[in-house]
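Asker: File protein10.cif follows (mmCIF, C-alpha atoms):
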data_final
#
loop_
_atom_site.label_atom_id
_atom_site.label_comp_id
_atom_site.auth_asym_id
_atom_site.auth_seq_id
_atom_site.Cartn_x
_atom_site.Cartn_y
_atom_site.Cartn_z
CA MET A 551 -185.52 -38.11 54.62
CA LYS A 552 -188.19 -38.56 57.29
CA ILE A 553 -191.83 -38.83 56.23
CA ALA A 554 -194.42 -38.32 58.97
CA ILE A 555 -197.71 -40.15 58.47
CA ASP A 556 -200.96 -39.68 60.36
CA LEU A 557 -201.80 -43.31 61.11
CA MET A 558 -205.22 -42.36 62.50
CA GLY A 559 -206.45 -40.43 59.46
CA GLY A 560 -208.84 -42.15 57.05
CA ASP A 561 -211.93 -44.33 57.17
CA LEU A 562 -209.86 -47.52 57.18
CA ALA A 563 -207.10 -46.31 59.47
CA PRO A 564 -205.09 -47.30 61.34
CA GLU A 565 -204.86 -50.84 59.94
CA MET A 566 -204.72 -49.85 56.27
CA ALA A 567 -202.14 -47.17 57.07
CA VAL A 568 -199.87 -49.68 58.82
CA LYS A 569 -200.43 -52.32 56.14
CA GLY A 570 -199.66 -49.76 53.44
CA ILE A 571 -196.37 -48.83 55.08
CA ALA A 572 -195.53 -52.54 55.28
CA LEU A 573 -196.20 -52.76 51.54
CA TYR A 574 -193.89 -49.81 50.96
CA PHE A 575 -191.05 -51.49 52.81
CA SER A 576 -191.59 -54.74 50.91
CA LYS A 577 -192.00 -53.25 47.43
CA ALA A 578 -190.32 -49.87 47.25
CA PRO A 579 -187.94 -49.38 50.17
CA GLN A 580 -185.38 -46.58 50.02
CA LYS A 581 -182.31 -46.51 52.23
CA ASP A 582 -182.57 -42.79 52.88
CA VAL A 583 -186.31 -42.85 53.77
CA SER A 584 -187.59 -43.42 57.30
CA ILE A 585 -191.17 -43.31 58.54
CA ILE A 586 -192.55 -41.49 61.56
CA GLY A 587 -195.97 -42.87 62.45
CA ILE A 588 -198.35 -40.72 64.50
CA GLY A 589 -201.17 -42.36 66.43
CA ASN A 590 -202.42 -44.15 69.51
CA GLU A 591 -199.62 -46.42 70.65
CA GLY A 592 -201.98 -48.91 72.27
CA VAL A 593 -203.80 -49.40 68.98
CA ILE A 594 -200.79 -49.15 66.67
CA ARG A 595 -198.27 -51.44 68.42
CA PRO A 596 -200.23 -54.67 67.82
CA LEU A 597 -200.61 -53.75 64.15
CA LEU A 598 -196.87 -53.13 63.80
CA GLU A 599 -196.32 -56.58 65.30
CA ARG A 600 -198.89 -58.17 62.98
CA TYR A 601 -197.33 -56.71 59.85
CA ASN A 602 -193.76 -57.22 61.09
CA ILE A 603 -192.62 -53.60 60.88
CA LYS A 604 -192.27 -52.77 64.58
CA ASP A 605 -188.59 -51.90 64.05
CA LYS A 606 -189.16 -49.88 60.88
CA ILE A 607 -191.39 -47.08 62.20
CA ALA A 608 -190.61 -44.43 64.79
CA LEU A 609 -193.93 -44.09 66.62
CA VAL A 610 -195.09 -40.80 68.12
CA HIS A 611 -198.00 -41.34 70.50
CA THR A 612 -201.18 -39.29 70.53
CA ASP A 613 -204.62 -40.34 71.69
CA GLU A 614 -206.56 -37.51 70.03
CA VAL A 615 -208.02 -37.57 66.52
CA ILE A 616 -209.94 -34.97 64.51
CA GLY A 617 -213.01 -36.65 63.05
CA TYR A 618 -214.43 -35.94 59.60
CA ASN A 619 -217.46 -34.13 60.98
CA GLU A 620 -215.56 -31.86 63.34
CA HIS A 621 -214.97 -28.18 62.67
CA PRO A 622 -211.20 -27.91 62.01
CA THR A 623 -210.42 -24.71 63.91
CA LYS A 624 -212.51 -25.71 66.91
CA ALA A 625 -210.99 -29.19 66.94
CA PHE A 626 -207.44 -27.79 66.94
CA LYS A 627 -208.29 -25.77 70.07
CA GLU A 628 -210.12 -28.56 71.89
CA LYS A 629 -207.73 -31.35 70.87
CA PRO A 630 -204.25 -29.77 70.85
CA LYS A 631 -202.51 -33.16 70.75
CA ASN A 632 -204.46 -34.59 67.81
CA SER A 633 -202.56 -36.61 65.22
CA ILE A 634 -202.73 -33.87 62.56
CA SER A 635 -201.40 -31.16 64.89
CA VAL A 636 -198.55 -33.43 65.98
CA GLY A 637 -197.66 -34.08 62.34
CA PHE A 638 -197.54 -30.38 61.54
CA HIS A 639 -195.41 -29.75 64.62
CA LEU A 640 -192.86 -32.32 63.45
CA LEU A 641 -192.79 -30.74 60.00
CA ALA A 642 -192.54 -27.17 61.27
CA GLU A 643 -189.71 -28.11 63.64
CA GLY A 644 -187.74 -29.77 60.86
CA LYS A 645 -188.09 -33.20 62.46
CA ALA A 646 -189.92 -34.46 59.35
CA SER A 647 -189.32 -33.73 55.66
CA ALA A 648 -192.99 -34.16 54.72
CA PHE A 649 -196.34 -34.77 56.42
CA VAL A 650 -199.06 -36.99 54.98
CA SER A 651 -202.63 -37.62 56.15
CA ALA A 652 -205.86 -39.08 54.82
CA GLY A 653 -207.73 -37.40 57.65
CA ASN A 654 -209.94 -34.31 57.88
CA THR A 655 -209.17 -32.23 54.77
CA GLY A 656 -210.27 -28.99 56.39
CA ALA A 657 -207.96 -29.63 59.33
CA MET A 658 -205.08 -30.32 56.95
CA LEU A 659 -205.68 -26.99 55.22
CA VAL A 660 -205.95 -25.09 58.51
CA GLY A 661 -202.79 -26.76 59.78
CA ALA A 662 -200.90 -26.02 56.60
CA MET A 663 -201.94 -22.37 56.59
CA PHE A 664 -201.22 -21.66 60.26
CA SER A 665 -198.38 -24.07 61.07
CA ILE A 666 -196.44 -24.12 57.81
CA LYS A 667 -197.87 -21.03 56.10
CA SER A 668 -198.16 -20.12 52.43
CA ILE A 669 -195.20 -19.25 50.27
CA GLU A 670 -194.88 -15.47 50.07
CA GLY A 671 -196.90 -14.17 47.16
CA ILE A 672 -199.35 -17.08 47.08
CA LEU A 673 -202.92 -15.81 47.48
CA ARG A 674 -204.49 -19.22 48.02
CA PRO A 675 -202.82 -22.65 48.12
CA ALA A 676 -204.50 -25.26 45.94
CA ILE A 677 -204.75 -29.00 45.63
CA ALA A 678 -204.68 -30.83 42.33
CA THR A 679 -205.69 -34.30 41.26
CA VAL A 680 -204.28 -36.53 38.56
CA CYS A 681 -206.10 -36.49 35.24
CA PRO A 682 -205.32 -39.61 33.15
CA LYS A 683 -205.25 -39.13 29.38
CA LYS A 684 -206.49 -41.58 26.77
CA ASP A 685 -203.07 -41.71 25.07
CA GLY A 686 -201.41 -42.93 28.28
CA SER A 687 -200.05 -39.59 29.42
CA THR A 688 -201.01 -37.87 32.67
CA GLY A 689 -202.17 -34.35 33.47
CA ILE A 690 -203.60 -32.59 36.49
CA ILE A 691 -206.64 -30.48 37.31
CA LEU A 692 -206.73 -27.81 40.03
CA ASP A 693 -208.21 -26.64 42.29
CA VAL A 694 -210.35 -29.62 43.33
CA GLY A 695 -211.91 -28.41 46.54
CA LEU A 696 -209.81 -26.13 48.70
CA ASN A 697 -211.11 -22.93 47.11
CA VAL A 698 -214.77 -23.08 46.09
CA ASP A 699 -215.03 -19.29 45.80
CA CYS A 700 -212.29 -17.93 43.58
CA LYS A 701 -211.06 -14.67 42.13
CA PRO A 702 -209.43 -14.46 38.68
CA GLU A 703 -206.05 -13.91 40.37
CA TYR A 704 -206.38 -17.24 42.14
CA LEU A 705 -206.91 -19.12 38.89
CA ASN A 706 -203.92 -17.33 37.40
CA GLN A 707 -201.74 -18.55 40.26
CA PHE A 708 -203.20 -22.06 40.07
CA ALA A 709 -201.84 -22.22 36.53
CA ILE A 710 -198.33 -21.44 37.79
CA LEU A 711 -198.60 -23.95 40.63
CA GLY A 712 -199.91 -26.64 38.30
CA THR A 713 -197.18 -25.95 35.78
CA ALA A 714 -194.52 -26.34 38.47
CA TYR A 715 -196.04 -29.65 39.58
CA ALA A 716 -196.31 -30.97 36.02
CA GLN A 717 -192.70 -30.07 35.28
CA THR A 718 -191.25 -31.33 38.54
CA ILE A 719 -193.30 -34.44 39.34
CA LEU A 720 -194.76 -35.49 35.96
CA ASP A 721 -191.61 -34.59 33.97
CA ILE A 722 -193.51 -32.56 31.36
CA ALA A 723 -191.01 -30.06 29.98
CA ASN A 724 -193.44 -27.38 28.79
CA PRO A 725 -196.91 -28.14 30.18
CA VAL A 726 -199.88 -26.78 28.26
CA VAL A 727 -202.40 -24.93 30.43
CA GLY A 728 -206.12 -24.89 29.68
CA LEU A 729 -208.92 -22.99 31.43
CA LEU A 730 -211.98 -25.20 31.96
CA ASN A 731 -214.94 -23.36 30.48
CA VAL A 732 -218.27 -23.77 28.69
CA GLY A 733 -216.74 -23.11 25.27
CA GLU A 734 -213.39 -22.70 23.54
CA GLU A 735 -213.88 -19.13 22.33
CA GLU A 736 -212.12 -16.39 24.28
CA GLY A 737 -215.33 -14.55 25.13
CA LYS A 738 -217.10 -17.57 26.63
CA GLY A 739 -217.87 -18.11 30.30
CA ASP A 740 -218.93 -16.14 33.34
CA LYS A 741 -217.24 -13.08 34.83
CA LEU A 742 -214.68 -15.22 36.68
CA THR A 743 -213.48 -17.19 33.67
CA LYS A 744 -213.50 -14.19 31.33
CA GLU A 745 -211.31 -12.17 33.67
CA ALA A 746 -209.12 -15.17 34.43
CA TYR A 747 -208.63 -15.74 30.70
CA SER A 748 -207.20 -12.24 30.31
CA LEU A 749 -204.72 -12.81 33.13
CA LEU A 750 -203.69 -16.23 31.88
CA LYS A 751 -203.19 -14.91 28.37
CA GLU A 752 -200.67 -12.36 29.65
CA ASN A 753 -198.93 -14.73 32.07
CA LYS A 754 -195.34 -15.23 30.89
CA HIS A 755 -194.71 -18.08 33.33
CA ILE A 756 -197.08 -20.55 31.64
CA ASN A 757 -197.85 -22.05 28.23
CA PHE A 758 -201.50 -21.03 27.95
CA LEU A 759 -203.62 -22.73 25.30
CA GLY A 760 -206.91 -21.00 26.04
CA ASN A 761 -210.30 -22.37 27.05
CA ILE A 762 -211.01 -26.08 27.03
CA GLU A 763 -214.31 -27.90 27.53
CA GLY A 764 -215.32 -30.90 29.62
CA ARG A 765 -214.84 -33.22 26.65
CA ASP A 766 -211.15 -32.26 26.60
CA LEU A 767 -210.36 -33.46 30.12
CA PHE A 768 -209.09 -36.91 29.17
CA VAL A 769 -207.43 -36.22 25.82
CA LYS A 770 -203.97 -34.82 25.20
CA LYS A 771 -204.99 -31.19 24.82
CA ALA A 772 -203.97 -29.58 28.09
CA ASP A 773 -201.58 -30.95 30.71
CA VAL A 774 -202.71 -28.53 33.42
CA ILE A 775 -206.44 -27.81 33.67
CA VAL A 776 -207.41 -24.80 35.77
CA CYS A 777 -210.79 -24.22 37.42
CA ASP A 778 -212.27 -23.12 40.73
CA GLY A 779 -212.56 -25.63 43.56
CA PHE A 780 -216.31 -26.00 43.20
CA ILE A 781 -216.11 -27.21 39.61
CA GLY A 782 -212.94 -29.19 40.25
CA ASN A 783 -214.47 -31.09 43.14
CA VAL A 784 -217.56 -31.95 41.08
CA VAL A 785 -215.31 -33.30 38.31
CA LEU A 786 -213.25 -35.28 40.83
CA LYS A 787 -216.23 -36.87 42.58
CA MET A 788 -217.99 -37.61 39.29
CA GLY A 789 -214.91 -39.39 37.94
CA GLU A 790 -214.58 -41.44 41.12
CA HIS A 791 -218.23 -42.47 41.04
CA ILE A 792 -218.11 -43.45 37.38
CA TYR A 793 -215.24 -45.74 38.27
CA ASP A 794 -217.22 -47.21 41.17
CA ILE A 795 -220.21 -47.89 38.91
CA PHE A 796 -218.19 -49.91 36.41
CA ALA A 797 -215.56 -51.37 38.76
CA ASP A 798 -217.22 -54.79 38.79
CA THR A 799 -217.67 -55.02 35.03
CA ASN A 800 -215.35 -55.99 32.19
CA ILE A 801 -214.63 -52.35 31.46
CA SER A 802 -212.64 -52.16 34.69
CA GLU A 803 -209.87 -54.12 32.94
CA ASN A 804 -209.53 -51.44 30.27
CA SER A 805 -206.02 -49.93 30.54
CA PHE A 806 -207.32 -46.36 30.44
CA PHE A 807 -210.17 -47.00 32.85
CA LYS A 808 -207.86 -48.68 35.38
CA ARG A 809 -205.91 -45.44 35.68
CA PHE A 810 -208.88 -43.87 37.46
CA GLN A 811 -208.19 -45.96 40.57
CA TYR A 812 -207.45 -43.39 43.27
CA GLN A 813 -205.10 -45.69 45.18
CA ASN A 814 -202.59 -45.62 42.33
CA TYR A 815 -201.78 -42.01 43.14
CA GLY A 816 -201.81 -42.09 46.93
CA ALA A 817 -201.86 -38.42 47.83
CA MET A 818 -201.45 -34.99 46.31
CA PRO A 819 -199.54 -32.09 47.83
CA ILE A 820 -201.08 -28.81 48.88
CA LEU A 821 -199.45 -26.55 46.33
CA GLY A 822 -198.30 -23.17 47.59
CA VAL A 823 -197.26 -23.90 51.19
CA GLN A 824 -193.67 -23.72 52.38
CA LYS A 825 -193.12 -27.40 53.15
CA PRO A 826 -194.43 -30.70 51.72
CA VAL A 827 -197.95 -31.40 52.99
CA LEU A 828 -199.90 -34.15 51.24
CA ILE A 829 -203.56 -35.13 51.49
CA GLY A 830 -204.80 -38.64 50.81
CA HIS A 831 -208.30 -39.87 50.07
CA GLY A 832 -210.51 -40.55 53.10
CA ILE A 833 -211.21 -44.10 51.93
CA SER A 834 -207.53 -44.91 51.35
CA ASN A 835 -206.61 -48.59 51.46
CA ASP A 836 -203.20 -50.17 51.92
CA ILE A 837 -202.13 -49.59 48.31
CA ALA A 838 -203.08 -45.93 48.60
CA PHE A 839 -201.04 -45.53 51.79
CA MET A 840 -198.05 -47.17 50.13
CA ASN A 841 -198.32 -44.72 47.25
CA MET A 842 -198.69 -41.81 49.69
CA VAL A 843 -195.19 -42.56 50.93
CA ILE A 844 -193.86 -42.87 47.38
CA THR A 845 -195.46 -39.58 46.30
CA ALA A 846 -194.21 -37.78 49.41
CA GLN A 847 -190.75 -39.07 48.67
CA LYS A 848 -190.91 -37.68 45.12
CA VAL A 849 -192.12 -34.30 46.32
CA VAL A 850 -189.27 -34.03 48.82
CA GLU A 851 -186.60 -35.26 46.39
CA SER A 852 -187.74 -32.89 43.66
CA ASN A 853 -187.60 -29.81 45.93
CA LEU A 854 -191.04 -28.85 44.62
CA CYS A 855 -191.77 -26.34 47.40
CA THR A 856 -188.43 -24.60 46.85
CA LYS A 857 -189.03 -24.39 43.11
CA ILE A 858 -192.48 -22.87 43.62
CA ASN A 859 -190.99 -20.40 46.11
CA ASP A 860 -188.34 -19.40 43.54
CA LEU A 861 -191.02 -18.87 40.88
CA PHE A 862 -192.95 -16.42 43.02
CA ALA A 863 -189.81 -14.70 44.29
CA LYS A 864 -189.00 -13.77 40.67
CA LYS A 865 -192.43 -12.26 40.00
#
What would you get if you wrote out this structure as structure tokens?
Answerer:
Amino acid sequence: MKIAIDLMGGDLAPEMAVKGIALYFSKAPQKDVSIIGIGNEGVIRPLLERYNIKDKIALVHTDEVIGYNEHPTKAFKEKPKNSISVGFHLLAEGKASAFVSAGNTGAMLVGAMFSIKSIEGILRPAIATVCPKKDGSTGIILDVGLNVDCKPEYLNQFAILGTAYAQTILDIANPVVGLLNVGEEEGKGDKLTKEAYSLLKENKHINFLGNIEGRDLFVKKADVIVCDGFIGNVVLKMGEHIYDIFADTNISENSFFKRFQYQNYGAMPILGVQKPVLIGHGISNDIAFMNMVITAQKVVESNLCTKINDLFAKK
């Protein structure tokens, strides 16, 4: 298994990316996993020396990077050898089993759609985030930003994608799906959620509970929480900021609260594309990069993309 990592992507890259890979090799090395690092060789080589992993990474040189403020499509045209494009090329050519980046999210989506492409039948790929539960279990919420304008059919497919992830990666045998709404009753919500409810209710591929409210996010009510990317991103950013507010207080030692630390999860895959593509947080530190590798490894080993493809081939 070869995992390609964009060493230039992220606010704290490339040092935190290299340090995180060093942590991976020291704490969770796997004999069948090798790392392909993508970045500026002149910048990366000294870091590989510093963290003593110069012989553990196959380095692919590129001196172009897509910044956070750049328009993805335009940047791909003007910077054809950027680190994200190179990563997608390696994945598309079968030279890597997965590609991971904490760089420009829009560029990662564009690259995934045009280089790797969606699984046939998928209307819109989605990205989920981990949702820790008070009882110690873990769920997910999707979409959290890739699709801010949704149709009911998208939400219906998100439920299938989320179910596949929960079964395959979180080991939940029969995940319960909930539609995030303003009330539990079937008739609640706007046009989008009302129409989505009808589709989810008839969907034989999921275990649909019905509507859930914001207060149900962190309790063991639904394992897979479905919403449009606008709402999902607001929930994600709010949760992150609440953690930041209390990180320096005693509450940060609470076992439930500590599970909100983004670095514990590393990266999440874009669900619905043909090969493993994972996006990390822009502020990823070394622990986050270590966990990116671990998560990518799980996604590859579980054959998640193949299982999602099989689900939609049967529909």
Asker: Under the PyMOL selection byres ((chain A and resi 772) around 10), which residues of this model are included? Write them out as a PyMOL selection string.
Answerer: chain A and resi 683+688-691+725-730+757-762+766-771+773-776
Asker: Would you compute the distance between atom CA of Pro622 of chain A and atom CA of Ala657 of chain A? Give it in Å to one decimal.
Answerer: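 Spanning atom CA of Pro622 of chain A to atom CA of Ala657 of chain A is a straight-line distance of 4.5 Å.
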Asker: Rank A:Gln847, A:Asn632, A:Asn697, A:Asn602 by their smallest atom-to-atom distance to Ser584 of chain A, using only C-alpha atoms, and report the top residue only.
Answerer: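 Closest to Ser584 of chain A of all the choices is A:Gln847.
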Asker: Env of segment 659-662 of chain A: 7 Å cut, atoms = all atoms listed in the file, seq-sep filter 2 positions within chain, self excluded. Answer as a PyMOL selection string.
Answerer: chain A and resi 622+635+638+655-657+664-667+823
Asker: With only C-alpha atoms as the basis for distance, which of A:Thr679, A:Thr612, A:Asn590, A:Thr623 is at the shortest distance from Phe810 of chain A?
Answerer: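 Among the listed residues, the smallest separation from Phe810 of chain A belongs to A:Thr679.
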Asker: Please expand the PyMOL selection byres ((chain A and resi 571) around 12) into the concrete residues it hits in this file, giving the result as a ChimeraX atom specification.
Answerer: /A:553-557,563-570,572-579,583-587,597-598,601-604,606-607,816,835-844
Asker: Please list as a ChimeraX atom specification every residue within 9 Å of Gly653 of chain A, counting all atoms listed in the file and excluding residues in the same chain fewer than 4 positions away.
Answerer: /A:556,558-561,615-618,634,657-658,829-832
Asker: Record the distance separating atom CA of Val593 of chain A and atom CA of Met663 of chain A, expressed in Å with one decimal.
Answerer: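 Computed distance, atom CA of Val593 of chain A to atom CA of Met663 of chain A, equals 29.8 Å.
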Asker: Nearest to Ser651 of chain A: which of A:Leu609, A:Ala714, A:Ile820, A:Leu696 is it, counting all atoms listed in the file?
Answerer: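 Closest to Ser651 of chain A, using all atoms listed in the file: A:Ile820.
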Asker: Between atom CA of His755 of chain A and atom CA of Asn724 of chain A, what is the spacing in Å?
Answerer: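 Computing it gives 10.4 Å between the two atoms.
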Asker: Run the PyMOL selection byres ((chain A and resi 862) around 9) against the file shown and list the residues it catches, as a VMD selection string.
Answerer: chain A and resid 669 to 672 857 to 861 863 to 865
Asker: I need the residues from that last selection saved to file as an mmCIF file, in the coordinates of the input (with C-alpha atoms), if you can.
Answerer:
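Saved as result.cif:
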data_model
loop_
_atom_site.group_PDB
_atom_site.id
_atom_site.type_symbol
_atom_site.label_atom_id
_atom_site.label_comp_id
_atom_site.auth_asym_id
_atom_site.auth_seq_id
_atom_site.Cartn_x
_atom_site.Cartn_y
_atom_site.Cartn_z
ATOM 1 C CA ILE A 669 -195.200 -19.250 50.270
ATOM 2 C CA GLU A 670 -194.880 -15.470 50.070
ATOM 3 C CA GLY A 671 -196.900 -14.170 47.160
ATOM 4 C CA ILE A 672 -199.350 -17.080 47.080
ATOM 5 C CA LYS A 857 -189.030 -24.390 43.110
ATOM 6 C CA ILE A 858 -192.480 -22.870 43.620
ATOM 7 C CA ASN A 859 -190.990 -20.400 46.110
ATOM 8 C CA ASP A 860 -188.340 -19.400 43.540
ATOM 9 C CA LEU A 861 -191.020 -18.870 40.880
ATOM 10 C CA ALA A 863 -189.810 -14.700 44.290
ATOM 11 C CA LYS A 864 -189.000 -13.770 40.670
ATOM 12 C CA LYS A 865 -192.430 -12.260 40.000
#
Asker: Rank A:Ser633, A:Leu854, A:Leu562, A:His639 by their smallest atom-to-atom distance to Gly822 of chain A, using all atoms listed in the file, and report the top residue only.
Answerer: A:Leu854
Asker: Could you give me, as a list in words, the residues that sit within 12 Å of (-207.7, -49.6, 34.2) in the file's coordinates, counting only C-alpha atoms?
Answerer: Pro682, Lys683, Lys684, Gly686, Tyr793, Phe796, Ala797, Asp798, Thr799, Asn800, Ile801, Ser802, Glu803, Asn804, Ser805, Phe806, Phe807, Lys808, Arg809, Phe810, Gln811, Tyr812, Gln813 and Asn814 of chain A
Asker: Could you take the residues named above and write them with C-alpha atoms, as a compact mmCIF listing (two decimals), in the frame of the given file?
Answerer:
# COMPACT_ATOMS: atom_id res chain seq x y z
CA PRO A 682 -205.32 -39.61 33.15
CA LYS A 683 -205.25 -39.13 29.38
CA LYS A 684 -206.49 -41.58 26.77
CA GLY A 686 -201.41 -42.93 28.28
CA TYR A 793 -215.24 -45.74 38.27
CA PHE A 796 -218.19 -49.91 36.41
CA ALA A 797 -215.56 -51.37 38.76
CA ASP A 798 -217.22 -54.79 38.79
CA THR A 799 -217.67 -55.02 35.03
CA ASN A 800 -215.35 -55.99 32.19
CA ILE A 801 -214.63 -52.35 31.46
CA SER A 802 -212.64 -52.16 34.69
CA GLU A 803 -209.87 -54.12 32.94
CA ASN A 804 -209.53 -51.44 30.27
CA SER A 805 -206.02 -49.93 30.54
CA PHE A 806 -207.32 -46.36 30.44
CA PHE A 807 -210.17 -47.00 32.85
CA LYS A 808 -207.86 -48.68 35.38
CA ARG A 809 -205.91 -45.44 35.68
CA PHE A 810 -208.88 -43.87 37.46
CA GLN A 811 -208.19 -45.96 40.57
CA TYR A 812 -207.45 -43.39 43.27
CA GLN A 813 -205.10 -45.69 45.18
CA ASN A 814 -202.59 -45.62 42.33
Asker: Pick out the closest residue to Ser852 of chain A from this set: A:Asp605, A:Asp794, A:Asp721, A:Glu735. Count all atoms listed in the file.
Answerer: A:Asp721
Asker: Pick out the closest residue to Asn706 of chain A from this set: A:Ile792, A:Cys681, A:Met818, A:Leu750. Count all atoms listed in the file.
Answerer: A:Leu750
